[in-house]
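Next comes structure_3.txt, with compact mmCIF, C-alpha atoms.
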```
# COMPACT_ATOMS: atom_id res chain seq x y z
CA MET A 1 -7.96 -5.58 21.39
CA LEU A 2 -5.85 -7.73 23.75
CA ASP A 3 -7.86 -6.99 26.90
CA THR A 4 -8.33 -10.56 28.12
CA LEU A 5 -4.65 -11.46 27.80
CA THR A 6 -3.49 -8.16 29.32
CA ASP A 7 -5.76 -8.71 32.32
CA SER A 8 -4.29 -12.21 32.75
CA PHE A 9 -0.73 -10.85 32.93
CA LYS A 10 -1.71 -7.95 35.20
CA ASN A 11 -3.40 -10.30 37.68
CA ALA A 12 -0.39 -12.62 37.76
CA ILE A 13 2.06 -9.74 38.24
CA GLY A 14 -0.06 -8.38 41.08
CA LYS A 15 0.45 -11.60 43.03
CA ILE A 16 4.21 -10.96 43.42
CA ARG A 17 4.74 -8.19 45.96
CA PHE A 18 7.91 -9.23 47.78
CA HIS A 19 11.36 -10.59 46.97
CA ASP A 20 12.17 -14.28 47.45
CA ASP A 21 8.50 -15.19 47.79
CA ASP A 22 8.35 -18.63 46.11
CA LYS A 23 4.82 -19.19 47.34
CA ALA A 24 3.62 -16.00 45.63
CA LEU A 25 5.40 -17.00 42.40
CA LYS A 26 3.68 -20.41 42.45
CA LYS A 27 0.33 -18.71 43.00
CA ALA A 28 1.02 -16.26 40.14
CA MET A 29 1.94 -19.11 37.79
CA THR A 30 -1.23 -21.06 38.66
CA GLU A 31 -3.35 -17.94 38.12
CA LEU A 32 -1.65 -17.22 34.80
CA LYS A 33 -2.03 -20.79 33.57
CA LYS A 34 -5.77 -20.82 34.26
CA SER A 35 -6.29 -17.41 32.67
CA LEU A 36 -4.36 -18.23 29.50
CA LEU A 37 -6.17 -21.53 28.97
CA LYS A 38 -9.48 -19.75 29.52
CA ALA A 39 -8.40 -17.14 26.93
CA ASP A 40 -7.99 -19.98 24.39
CA VAL A 41 -4.18 -20.07 24.28
CA HIS A 42 -3.07 -23.53 23.13
CA HIS A 43 -2.20 -25.81 26.05
CA LYS A 44 1.31 -26.60 24.71
CA VAL A 45 2.11 -22.89 24.41
CA VAL A 46 0.83 -22.28 27.95
CA LYS A 47 2.89 -25.17 29.36
CA ASP A 48 6.05 -23.90 27.66
CA LEU A 49 5.49 -20.29 28.78
CA ILE A 50 4.74 -21.19 32.40
CA SER A 51 7.72 -23.52 32.85
CA THR A 52 10.19 -21.10 31.19
CA VAL A 53 9.03 -18.00 33.08
CA GLU A 54 8.99 -19.81 36.43
CA ALA A 55 12.49 -21.25 35.89
CA GLU A 56 13.97 -17.93 34.71
CA THR A 57 12.42 -15.99 37.61
CA LYS A 58 13.80 -18.44 40.18
CA LYS A 59 17.22 -18.38 38.53
CA ASN A 60 17.46 -14.56 38.74
CA GLY A 61 15.70 -14.24 42.09
CA VAL A 62 11.95 -14.08 42.74
CA GLY A 63 10.69 -10.52 42.47
CA LYS A 64 8.36 -8.43 40.35
CA ASP A 65 11.08 -7.01 38.08
CA ASN A 66 12.65 -10.40 37.32
CA PHE A 67 9.23 -11.96 36.79
CA LEU A 68 8.26 -9.18 34.35
CA ARG A 69 11.54 -9.49 32.47
CA ALA A 70 11.21 -13.27 32.13
CA LEU A 71 7.60 -12.90 30.97
CA GLN A 72 8.49 -10.26 28.38
CA ASP A 73 11.42 -12.29 27.01
CA LYS A 74 9.32 -15.43 26.66
CA LEU A 75 6.41 -13.61 25.03
CA SER A 76 8.81 -12.03 22.51
CA GLN A 77 10.22 -15.47 21.74
CA ILE A 78 6.73 -16.99 21.27
CA LEU A 79 5.65 -14.23 18.89
CA THR A 80 8.84 -14.09 16.80
CA ILE A 81 10.22 -16.19 13.97
CA GLU A 82 13.95 -15.68 13.51
CA GLY A 83 14.96 -14.16 10.20
CA VAL A 84 11.49 -12.83 9.33
CA PRO A 85 11.42 -9.02 8.92
CA LYS A 86 9.00 -6.91 10.98
CA GLY A 87 5.80 -5.58 9.42
CA PHE A 88 5.01 -5.57 5.72
CA THR A 89 7.95 -6.30 3.43
CA PHE A 90 8.15 -5.11 -0.17
CA ALA A 91 9.68 -6.96 -3.13
CA SER A 92 13.06 -5.66 -4.34
CA LYS A 93 11.44 -4.97 -7.72
CA PRO A 94 7.84 -3.59 -7.80
CA PRO A 95 5.10 -4.55 -7.84
CA THR A 96 4.89 -6.57 -4.64
CA VAL A 97 2.20 -9.20 -5.33
CA VAL A 98 0.09 -10.41 -2.41
CA LEU A 99 -2.35 -13.31 -2.62
CA MET A 100 -5.20 -13.05 -0.09
CA ILE A 101 -6.57 -16.50 0.73
CA GLY A 102 -8.93 -18.00 3.32
CA LEU A 103 -12.31 -19.58 3.96
CA GLN A 104 -15.58 -17.88 3.07
CA GLY A 105 -16.84 -15.67 5.88
CA SER A 106 -13.38 -15.00 7.35
CA GLY A 107 -13.49 -11.33 6.37
CA LYS A 108 -10.99 -11.76 3.54
CA THR A 109 -12.51 -9.21 1.14
CA THR A 110 -12.85 -6.51 3.82
CA THR A 111 -9.32 -7.28 5.02
CA THR A 112 -8.05 -6.85 1.46
CA GLY A 113 -9.54 -3.34 1.51
CA LYS A 114 -8.03 -2.60 4.92
CA LEU A 115 -4.59 -3.74 3.79
CA ALA A 116 -4.88 -1.59 0.66
CA TYR A 117 -5.81 1.40 2.86
CA PHE A 118 -2.85 0.72 5.20
CA LEU A 119 -0.39 0.55 2.30
CA LYS A 120 -1.82 3.66 0.65
CA GLU A 121 -2.13 5.86 3.74
CA GLN A 122 0.71 4.71 6.01
CA LYS A 123 3.26 3.45 3.48
CA LYS A 124 2.32 5.94 0.72
CA LYS A 125 2.25 3.22 -1.95
CA LYS A 126 0.32 3.02 -5.21
CA VAL A 127 -1.97 0.01 -4.71
CA LEU A 128 -4.03 -2.06 -7.15
CA ILE A 129 -6.71 -4.53 -6.06
CA VAL A 130 -7.62 -7.50 -8.27
CA ALA A 131 -11.07 -9.07 -7.76
CA ALA A 132 -10.43 -12.77 -8.41
CA ASP A 133 -13.26 -14.06 -6.17
CA LEU A 134 -15.93 -15.08 -8.68
CA GLN A 135 -17.55 -17.72 -6.46
CA ARG A 136 -19.31 -15.62 -3.84
CA LEU A 137 -22.22 -13.56 -5.03
CA ALA A 138 -21.61 -9.82 -4.59
CA ALA A 139 -17.89 -10.29 -3.76
CA VAL A 140 -16.89 -8.15 -6.75
CA GLU A 141 -19.54 -5.55 -5.92
CA GLN A 142 -18.28 -5.41 -2.32
CA LEU A 143 -14.73 -4.75 -3.55
CA LYS A 144 -16.01 -2.06 -5.93
CA GLN A 145 -17.60 -0.24 -2.99
CA ILE A 146 -14.51 -0.64 -0.79
CA SER A 147 -12.05 0.47 -3.49
CA SER A 148 -14.22 3.49 -4.27
CA GLN A 149 -14.36 4.39 -0.56
CA ILE A 150 -10.59 4.22 -0.05
CA GLU A 151 -9.80 5.59 -3.55
CA VAL A 152 -7.78 2.61 -4.76
CA GLU A 153 -7.91 1.26 -8.33
CA LEU A 154 -9.70 -2.06 -8.93
CA VAL A 155 -9.45 -4.63 -11.73
CA ALA A 156 -12.70 -6.60 -12.01
CA ASP A 157 -14.40 -8.59 -14.78
CA GLU A 158 -17.07 -11.09 -13.78
CA SER A 159 -17.16 -12.58 -17.30
CA SER A 160 -13.52 -13.74 -17.09
CA THR A 161 -11.89 -16.57 -15.14
CA PRO A 162 -9.88 -15.87 -11.98
CA THR A 163 -6.56 -16.56 -13.73
CA GLN A 164 -7.47 -14.27 -16.66
CA ILE A 165 -8.32 -11.44 -14.24
CA VAL A 166 -5.03 -11.94 -12.39
CA LYS A 167 -3.13 -11.72 -15.69
CA GLN A 168 -4.99 -8.49 -16.55
CA GLY A 169 -4.22 -7.04 -13.13
CA LEU A 170 -0.51 -7.87 -13.26
CA ALA A 171 -0.19 -6.45 -16.78
CA LYS A 172 -1.86 -3.20 -15.66
CA ALA A 173 0.33 -3.02 -12.53
CA LYS A 174 3.56 -3.34 -14.53
CA LYS A 175 2.44 -0.94 -17.26
CA GLU A 176 1.19 1.76 -14.83
CA LEU A 177 3.96 1.30 -12.24
CA TYR A 178 1.95 0.15 -9.22
CA ASP A 179 3.87 -0.60 -6.02
CA VAL A 180 1.59 -3.35 -4.66
CA VAL A 181 -1.02 -5.70 -6.15
CA LEU A 182 -3.52 -7.32 -3.75
CA ILE A 183 -5.39 -10.30 -5.22
CA ASP A 184 -8.65 -11.25 -3.48
CA THR A 185 -9.41 -14.93 -4.10
CA ALA A 186 -12.47 -17.11 -3.54
CA GLY A 187 -13.10 -18.93 -0.28
CA ARG A 188 -15.33 -21.85 0.59
CA LEU A 189 -17.34 -22.83 3.63
CA ALA A 190 -14.85 -25.66 4.12
CA ILE A 191 -11.52 -26.74 2.65
CA ASP A 192 -12.07 -28.75 -0.55
CA ASP A 193 -10.10 -29.92 -3.60
CA GLU A 194 -11.83 -27.46 -5.94
CA LEU A 195 -10.78 -24.50 -3.78
CA MET A 196 -7.19 -25.71 -3.51
CA ASP A 197 -6.91 -26.43 -7.25
CA GLU A 198 -8.17 -22.93 -8.09
CA LEU A 199 -5.75 -21.34 -5.64
CA ALA A 200 -2.88 -23.40 -7.05
CA ASP A 201 -3.69 -22.14 -10.56
CA ILE A 202 -3.86 -18.51 -9.40
CA LYS A 203 -0.62 -18.89 -7.44
CA LYS A 204 1.13 -20.24 -10.52
CA VAL A 205 0.00 -17.25 -12.63
CA ALA A 206 0.51 -14.59 -9.94
CA ASN A 207 3.87 -15.84 -8.62
CA PRO A 208 3.14 -13.92 -5.39
CA ASP A 209 5.74 -12.45 -3.04
CA GLU A 210 3.36 -12.96 -0.11
CA LEU A 211 0.49 -15.37 0.59
CA PHE A 212 -1.61 -14.02 3.43
CA TYR A 213 -4.07 -16.40 5.03
CA VAL A 214 -7.00 -14.48 6.54
CA ALA A 215 -8.41 -16.28 9.59
CA ASP A 216 -11.48 -15.40 11.67
CA ALA A 217 -10.19 -14.81 15.23
CA MET A 218 -13.61 -15.75 16.61
CA THR A 219 -13.11 -19.38 15.50
CA GLY A 220 -10.30 -19.75 18.07
CA GLN A 221 -8.04 -22.78 17.63
CA ASP A 222 -9.90 -23.73 14.41
CA ALA A 223 -8.16 -20.71 12.86
CA VAL A 224 -4.80 -22.31 13.68
CA ARG A 225 -5.81 -25.69 12.23
CA THR A 226 -7.10 -24.25 8.94
CA ALA A 227 -4.02 -22.01 8.63
CA GLN A 228 -1.86 -25.14 8.96
CA THR A 229 -3.88 -26.90 6.24
CA PHE A 230 -3.51 -23.96 3.83
CA LYS A 231 0.21 -23.83 4.60
CA ASP A 232 0.61 -27.54 3.82
CA LYS A 233 -1.46 -27.48 0.62
CA ILE A 234 -0.75 -24.03 -0.87
CA GLY A 235 1.97 -22.44 1.24
CA ILE A 236 1.48 -19.23 3.24
CA THR A 237 3.95 -16.56 4.34
CA GLY A 238 1.79 -14.93 6.99
CA VAL A 239 -1.56 -14.85 8.77
CA ILE A 240 -3.98 -11.97 9.26
CA LEU A 241 -6.48 -12.38 12.10
CA SER A 242 -9.76 -10.64 11.28
CA LYS A 243 -12.63 -9.77 13.65
CA PHE A 244 -10.25 -9.54 16.61
CA ASP A 245 -12.43 -6.80 18.07
CA GLY A 246 -15.42 -9.15 18.39
CA ASP A 247 -15.95 -11.76 21.10
CA ALA A 248 -12.61 -13.41 20.43
CA LYS A 249 -10.74 -14.27 23.63
CA GLY A 250 -7.43 -13.36 22.00
CA GLY A 251 -5.44 -16.47 22.91
CA VAL A 252 -5.20 -17.65 19.31
CA ALA A 253 -2.92 -14.66 18.55
CA LEU A 254 -0.48 -15.72 21.25
CA GLY A 255 0.18 -19.23 19.99
CA LEU A 256 -0.41 -19.06 16.25
CA THR A 257 3.15 -18.10 15.21
CA GLN A 258 4.73 -21.01 17.09
CA GLN A 259 2.04 -23.52 16.16
CA VAL A 260 1.92 -22.85 12.41
CA GLY A 261 5.49 -21.68 11.93
CA VAL A 262 4.55 -18.50 10.03
CA PRO A 263 4.33 -14.98 11.44
CA LEU A 264 1.09 -13.28 12.41
CA ARG A 265 1.39 -10.15 10.24
CA PHE A 266 -1.75 -8.08 10.91
CA ILE A 267 -4.79 -7.97 13.18
CA GLY A 268 -8.19 -6.56 12.24
CA ALA A 269 -9.15 -4.45 15.25
CA GLY A 270 -12.43 -2.83 14.16
CA GLU A 271 -14.95 -2.42 11.38
CA LYS A 272 -13.47 0.66 9.67
CA MET A 273 -10.82 0.68 6.96
CA PRO A 274 -8.08 2.15 9.25
CA ASP A 275 -8.67 -0.65 11.81
CA LEU A 276 -5.87 -2.94 10.67
CA GLU A 277 -2.75 -3.08 12.83
CA GLN A 278 0.67 -4.53 12.15
CA PHE A 279 1.52 -7.41 14.47
CA ILE A 280 5.10 -6.56 15.44
CA ALA A 281 6.25 -8.75 18.33
CA ASP A 282 8.04 -6.23 20.57
CA ARG A 283 5.19 -3.72 20.19
CA ILE A 284 2.53 -6.32 20.94
CA VAL A 285 4.43 -7.48 24.04
CA GLY A 286 4.35 -3.87 25.26
CA ARG A 287 0.58 -3.78 24.83
CA LEU A 288 0.12 -7.16 26.48
CA MET A 289 2.00 -5.84 29.50
CA GLY A 290 -0.14 -2.70 29.61
CA ALA A 291 2.64 -0.38 28.39
CA GLY A 292 0.85 0.65 25.20
CA ASP A 293 2.34 0.99 21.73
CA VAL A 294 3.41 4.58 21.18
CA GLU A 295 5.43 3.68 18.08
CA SER A 296 2.42 2.33 16.15
CA LEU A 297 0.28 5.24 17.31
CA ALA A 298 2.93 7.69 16.10
CA GLU A 299 3.02 5.96 12.69
CA LYS A 300 -0.77 6.19 12.38
CA ALA A 301 -0.79 9.83 13.44
CA ALA A 302 2.04 10.73 11.06
CA ALA A 303 0.12 9.19 8.16
CA ALA A 304 -3.19 10.85 9.12
CA ILE A 305 -2.07 14.32 10.13
CA ASP A 306 -0.55 16.90 7.81
CA PRO A 307 2.41 18.39 9.78
CA VAL A 308 1.95 21.86 8.26
CA GLU A 309 -1.76 21.88 9.15
CA ALA A 310 -0.93 20.50 12.61
CA ARG A 311 1.44 23.41 13.31
CA LYS A 312 -1.19 25.92 12.16
CA MET A 313 -3.79 24.24 14.39
CA THR A 314 -1.45 24.31 17.40
CA GLN A 315 -0.91 28.03 16.97
CA LYS A 316 -4.66 28.67 16.69
CA ILE A 317 -5.35 26.62 19.84
CA LYS A 318 -2.66 28.48 21.78
CA LYS A 319 -4.27 31.78 20.80
CA GLY A 320 -7.75 30.52 21.67
CA GLN A 321 -8.90 30.81 18.04
CA PHE A 322 -10.20 27.22 17.62
CA ASN A 323 -13.49 27.39 15.66
CA PHE A 324 -16.11 25.06 14.16
CA ASN A 325 -14.27 24.73 10.83
CA ASP A 326 -11.25 23.54 12.79
CA PHE A 327 -13.45 21.10 14.68
CA LEU A 328 -14.77 19.52 11.46
CA ALA A 329 -11.24 19.32 10.04
CA GLN A 330 -10.04 17.55 13.20
CA MET A 331 -12.92 15.07 12.99
CA GLU A 332 -11.85 14.16 9.46
CA GLN A 333 -8.28 13.62 10.69
CA MET A 334 -9.48 11.43 13.59
CA LYS A 335 -11.36 9.15 11.21
CA LYS A 336 -8.05 8.08 9.68
CA LEU A 337 -6.74 6.82 13.03
CA GLY A 338 -9.38 4.09 13.30
CA SER A 339 -11.57 3.15 16.24
CA MET A 340 -11.20 5.11 19.50
CA LYS A 341 -10.79 1.87 21.45
CA SER A 342 -7.83 0.85 19.31
CA VAL A 343 -6.16 4.26 19.64
CA MET A 344 -6.62 4.36 23.44
CA GLY A 345 -5.15 0.86 23.71
CA MET A 346 -1.89 2.16 22.23
CA ILE A 347 -1.46 4.89 24.87
CA PRO A 348 0.55 3.78 27.95
CA GLY A 349 -1.67 3.38 31.00
CA MET A 350 -4.89 3.85 29.04
CA GLY A 351 -5.78 0.16 28.66
CA ASN A 352 -8.60 0.32 31.21
CA MET A 353 -10.06 3.39 29.57
CA ALA A 354 -10.00 1.62 26.20
CA LYS A 355 -12.22 -1.08 27.71
CA GLN A 356 -14.61 1.53 29.11
CA ILE A 357 -14.85 3.20 25.71
CA GLY A 358 -15.73 -0.13 24.12
CA ASP A 359 -16.93 0.28 20.53
CA MET A 360 -17.79 3.96 20.85
CA ASP A 361 -17.98 5.49 17.39
CA LEU A 362 -17.04 9.15 17.55
CA GLU A 363 -18.00 9.81 13.96
CA ASN A 364 -21.50 8.38 14.18
CA SER A 365 -22.42 9.15 17.79
CA THR A 366 -25.63 11.09 18.36
CA GLU A 367 -23.70 14.01 19.87
CA ILE A 368 -21.34 14.33 16.90
CA LYS A 369 -24.20 14.08 14.41
CA GLN A 370 -26.02 16.88 16.23
CA ILE A 371 -22.90 19.07 16.23
CA LYS A 372 -22.41 18.45 12.51
CA ALA A 373 -26.05 19.37 11.84
CA LEU A 374 -25.58 22.52 13.91
CA VAL A 375 -22.40 23.50 12.06
CA SER A 376 -24.08 22.83 8.70
CA SER A 377 -26.76 25.39 9.64
CA MET A 378 -24.16 28.10 10.33
CA THR A 379 -22.98 30.77 7.93
CA PRO A 380 -19.25 30.78 7.02
CA LYS A 381 -18.71 33.76 9.35
CA GLU A 382 -20.45 31.99 12.27
CA ARG A 383 -18.24 28.94 11.81
CA GLU A 384 -15.13 31.10 11.89
CA ASN A 385 -16.29 33.17 14.86
CA PRO A 386 -18.65 31.36 17.29
CA GLU A 387 -18.85 34.58 19.36
CA LEU A 388 -21.28 35.97 16.73
CA LEU A 389 -23.97 33.53 17.86
CA ASN A 390 -26.55 35.68 19.67
CA ASN A 391 -30.01 34.44 20.71
CA MET A 392 -31.61 35.24 17.34
CA ARG A 393 -28.94 33.31 15.45
CA LYS A 394 -29.20 30.41 17.90
CA ARG A 395 -32.94 30.12 17.27
CA ARG A 396 -32.25 30.01 13.53
CA LEU A 397 -29.62 27.29 14.06
CA ALA A 398 -31.98 25.27 16.24
CA THR A 399 -34.59 25.26 13.47
CA GLY A 400 -32.03 24.38 10.80
CA ALA A 401 -30.46 21.54 12.80
CA GLY A 402 -33.76 20.14 14.14
CA LEU A 403 -32.76 20.84 17.75
CA ASN A 404 -34.36 22.85 20.53
CA PRO A 405 -32.68 26.14 21.64
CA MET A 406 -31.62 24.62 25.00
CA HIS A 407 -29.76 21.86 23.18
CA VAL A 408 -28.03 24.42 20.96
CA ASN A 409 -26.87 26.33 24.05
CA ARG A 410 -25.57 23.14 25.62
CA VAL A 411 -23.60 22.13 22.51
CA LEU A 412 -22.09 25.61 22.17
CA LYS A 413 -21.11 25.59 25.86
CA GLN A 414 -19.45 22.16 25.47
CA PHE A 415 -17.55 23.40 22.42
CA LYS A 416 -16.38 26.48 24.32
CA ASN A 417 -15.18 24.35 27.25
CA ALA A 418 -13.40 21.96 24.87
CA ALA A 419 -11.61 24.89 23.21
CA LYS A 420 -10.52 26.16 26.65
CA MET A 421 -9.21 22.70 27.61
CA ALA A 422 -7.34 22.41 24.31
CA LYS A 423 -5.72 25.79 24.98
CA LYS A 424 -4.73 24.68 28.48
CA MET A 425 -3.27 21.41 27.19
CA SER A 426 -1.17 23.30 24.64
CA THR A 427 0.65 25.13 27.46
CA LYS A 428 3.79 23.79 29.13
CA GLY A 429 2.89 20.89 31.41
CA GLY A 430 -0.72 20.83 30.17
CA MET A 431 -0.52 17.37 28.63
CA LYS A 432 1.08 15.96 31.79
CA GLN A 433 -1.81 17.34 33.84
CA MET A 434 -4.28 15.69 31.47
CA GLN A 435 -2.51 12.31 31.70
CA ASP A 436 -2.48 12.54 35.51
CA MET A 437 -6.19 13.34 35.52
CA LEU A 438 -7.01 10.40 33.23
CA ALA A 439 -4.86 8.03 35.30
CA GLN A 440 -6.72 9.08 38.46
CA ALA A 441 -10.07 8.66 36.70
CA GLN A 442 -9.30 5.02 35.94
CA GLY A 443 -7.73 4.25 39.31
CA GLY A 444 -4.13 4.40 38.17
CA GLY A 445 -4.60 1.39 35.85
CA GLY A 446 -1.90 0.16 33.51
CA MET A 447 1.67 -1.03 33.88
CA ALA A 448 3.58 1.65 32.05
CA ASN A 449 6.56 1.45 34.45
CA ILE A 450 7.78 -1.88 33.19
CA PRO A 451 11.58 -2.24 33.08
CA ARG A 452 12.72 -2.18 29.47
```

Please rewrite the model in this file as structure tokens.
Amino acid sequence: MLDTLTDSFKNAIGKIRFHDDDKALKKAMTELKKSLLKADVHHKVVKDLISTVEAETKKNGVGKDNFLRALQDKLSQILTIEGVPKGFTFASKPPTVVLMIGLQGSGKTTTTGKLAYFLKEQKKKKVLIVAADLQRLAAVEQLKQISSQIEVELVADESSTPTQIVKQGLAKAKKELYDVVLIDTAGRLAIDDELMDELADIKKVANPDELFYVADAMTGQDAVRTAQTFKDKIGITGVILSKFDGDAKGGVALGLTQQVGVPLRFIGAGEKMPDLEQFIADRIVGRLMGAGDVESLAEKAAAAIDPVEARKMTQKIKKGQFNFNDFLAQMEQMKKLGSMKSVMGMIPGMGNMAKQIGDMDLENSTEIKQIKALVSSMTPKERENPELLNNMRKRRLATGAGLNPMHVNRVLKQFKNAAKMAKKMSTKGGMKQMQDMLAQAQGGGGMANIPR
């Protein structure tokens, strides 16, 4: 998600190998300046960062540790607005009303669904979505599909006006005790008076606790300029950057908070509903420096994984009893964590591996589809006990799954090896061995040993 920026910091840090090496510091600063400008960080933000980090490093003595500390402190300052709470904040009296605004094509409707999913799954809140975008054809239909997928209630009526729908939604939310109301509003291809007047009317009726401006990260500094315009004309309390997993260079995320004067609250890091991440400054700084974000990963895992089921699964793995039913159950759990690339990026030292994984989709990969077809062809007893699968049964499975017998044997062998590895990892020191192996595989990448 932040690959380009992380690489920039890693390269600069690598230039400083000795103490009191002013020449190396100058070289690191020049390298960092070029990289950040290339990554589309605003030139004023770059100038401020470079001058502060260089001055602080010299003051405390040139060396890798002091350079890292100065860089971390300045990044935290750039990404933070004093007095603004971390993450999503709820109103003292429910429901918390959030107005989702932005230009057409910014990913606003999808982001509304992602935010609803985040609040439902991670925060365990009762969420209501209001479809107040009546300008774009199929906007309401898109929200119907999304709300059905994530199992969140939707208020929609294409024969009403946006303000009437908002009133209906708020009345329902208060009557049925919803925790959060997300209002999806219309966008335009460009900022115009009609759009702003409509938003002003909706804002007056909704009296929102939060106004989230959804900006397309791929538009770079244009995202900052349009966010500023919406802030001036309507008022916004936070920005959500969508499509951050695309070809965006990432620099816009680094300067937006300082430039617009409102916090960057979330980042869309993939196409699936779980791929929305809170933008919490100290956690993001950790990821920028290659140290991962274990806290966010733990929150995602806690929301996705039932602790009782997890304990049962651990016991089964330790006993070597992991079967195909368990495999399918684990796949369903993994889906809730979001894209594999995003998850790997949160693990310390796994940044390089996240890049190698790219946009790999575990759920829809050919291999996983074949395994699911194979499992679907099994009897309940075969799923529970893979050891029952003799040659005759394998031939039947091959026919049922549309695979050849050799492929069936290969899949079963891979599953057996995976079960053995899982058993080994569950033993004392097993996870440490796995981390060491992964670190060696990617050449010891990452900067997990940063002084905190």

Kindly indicate which residue among A:Leu276, A:Asp326, A:Met100, A:Leu170 lies nearest to Phe230 of chain A, using all atoms listed in the file for the distances.
->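 Ranked by minimum distance to Phe230 of chain A, first place goes to A:Met100.
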
Quick one: residues within 9 Å of (-19.1, -21.8, 0.7) (file frame), counting all atoms listed in the file, please, as an NGL selection string.
-> :A and (103-105 or 135-136 or 187-190)

Would you mind telling me which residue in A:Gln122, A:Thr110, A:Thr237, A:Thr163 lies nearest to Lys204 of chain A when using only C-alpha atoms?
->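 Counting only C-alpha atoms, the residue closest to Lys204 of chain A is A:Thr163.
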
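Comparing A:Ile284, A:Val411, A:Val62, A:Leu211 by their smallest distance to Ser76 of chain A, the closest is A:Ile284 (using only C-alpha atoms).
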
Nearest candidate to Ala281 of chain A (options A:Ile234, A:Leu388, A:Val84, A:Val166; using all atoms listed in the file) =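 The shortest atom-to-atom distance to Ala281 of chain A comes from A:Val84.
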
Go ahead and compute the interatomic distance for atom CA of Lys126 of chain A and atom CA of Pro94 of chain A, in Å to one decimal.
->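 Taking atom CA of Lys126 of chain A and atom CA of Pro94 of chain A, their separation equals 10.3 Å.
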
What is the atom CA of Gln370 of chain A to atom CA of Leu403 of chain A distance in Å?
->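 Interatomic distance, atom CA of Gln370 of chain A to atom CA of Leu403 of chain A: 8.0 Å.
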
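Distance annotation: of A:Lys27, A:Asn390, A:Ala217, A:Leu128, the residue with the minimal separation from Lys172 of chain A is A:Leu128; atom set is all atoms listed in the file.
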
Of the listed residues A:Lys272, A:Arg265, A:Arg225, A:Lys64, that which approaches Gln149 of chain A most closely, counting only C-alpha atoms |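 Comparing A:Lys272, A:Arg265, A:Arg225, A:Lys64 against Gln149 of chain A, the winner is A:Lys272.
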
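A straight line drawn from atom CA of Val262 of chain A to atom CA of Ser35 of chain A is 25.1 Å long.
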
Can you tell me, as a ChimeraX atom specification, what residues are no more than 9 Å from Leu241 of chain A when counting only C-alpha atoms, ignoring any on the same chain fewer than 6 positions away?
-> /A:106,213-217,223,253,264-269

Within 9 Å of Ala156 of chain A, counting all atoms listed in the file, which residues show up once you throw out same-chain ones fewer than 2 positions away? Write them as a list in words, please.
->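 After dropping sequence-adjacent residues, the list is Ile129, Val130, Ala131, Ala132, Val140, Leu143, Lys144, Leu154, Glu158, Ser160, Ile165 and Gly169 of chain A.
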
For those residues, write C-alpha atoms to a file as a PDB file, keeping the file's coordinate frame.
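File produced: out_8.pdb:
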```pdb
ATOM      1  CA  ILE A 129      -6.710  -4.530  -6.060  1.00  0.00           C
ATOM      2  CA  VAL A 130      -7.620  -7.500  -8.270  1.00  0.00           C
ATOM      3  CA  ALA A 131     -11.070  -9.070  -7.760  1.00  0.00           C
ATOM      4  CA  ALA A 132     -10.430 -12.770  -8.410  1.00  0.00           C
ATOM      5  CA  VAL A 140     -16.890  -8.150  -6.750  1.00  0.00           C
ATOM      6  CA  LEU A 143     -14.730  -4.750  -3.550  1.00  0.00           C
ATOM      7  CA  LYS A 144     -16.010  -2.060  -5.930  1.00  0.00           C
ATOM      8  CA  LEU A 154      -9.700  -2.060  -8.930  1.00  0.00           C
ATOM      9  CA  GLU A 158     -17.070 -11.090 -13.780  1.00  0.00           C
ATOM     10  CA  SER A 160     -13.520 -13.740 -17.090  1.00  0.00           C
ATOM     11  CA  ILE A 165      -8.320 -11.440 -14.240  1.00  0.00           C
ATOM     12  CA  GLY A 169      -4.220  -7.040 -13.130  1.00  0.00           C
TER      13      GLY A 169
END
```

Hey, what's within 9 Å of Asn325 of chain A if we count only C-alpha atoms and toss same-chain stuff fewer than 3 positions away? As a list in words, please?
-> Phe322, Leu328, Ala329, Gln330, Val375, Pro380, Arg383 and Glu384 of chain A

Residues at most 10 Å from Ala206 of chain A, counting all atoms listed in the file, excluding those fewer than 2 positions away in the same chain, as JSON, numbers by chain?
-> {"A": [97, 98, 99, 163, 166, 167, 169, 170, 181, 183, 200, 201, 202, 203, 204, 208, 209]}
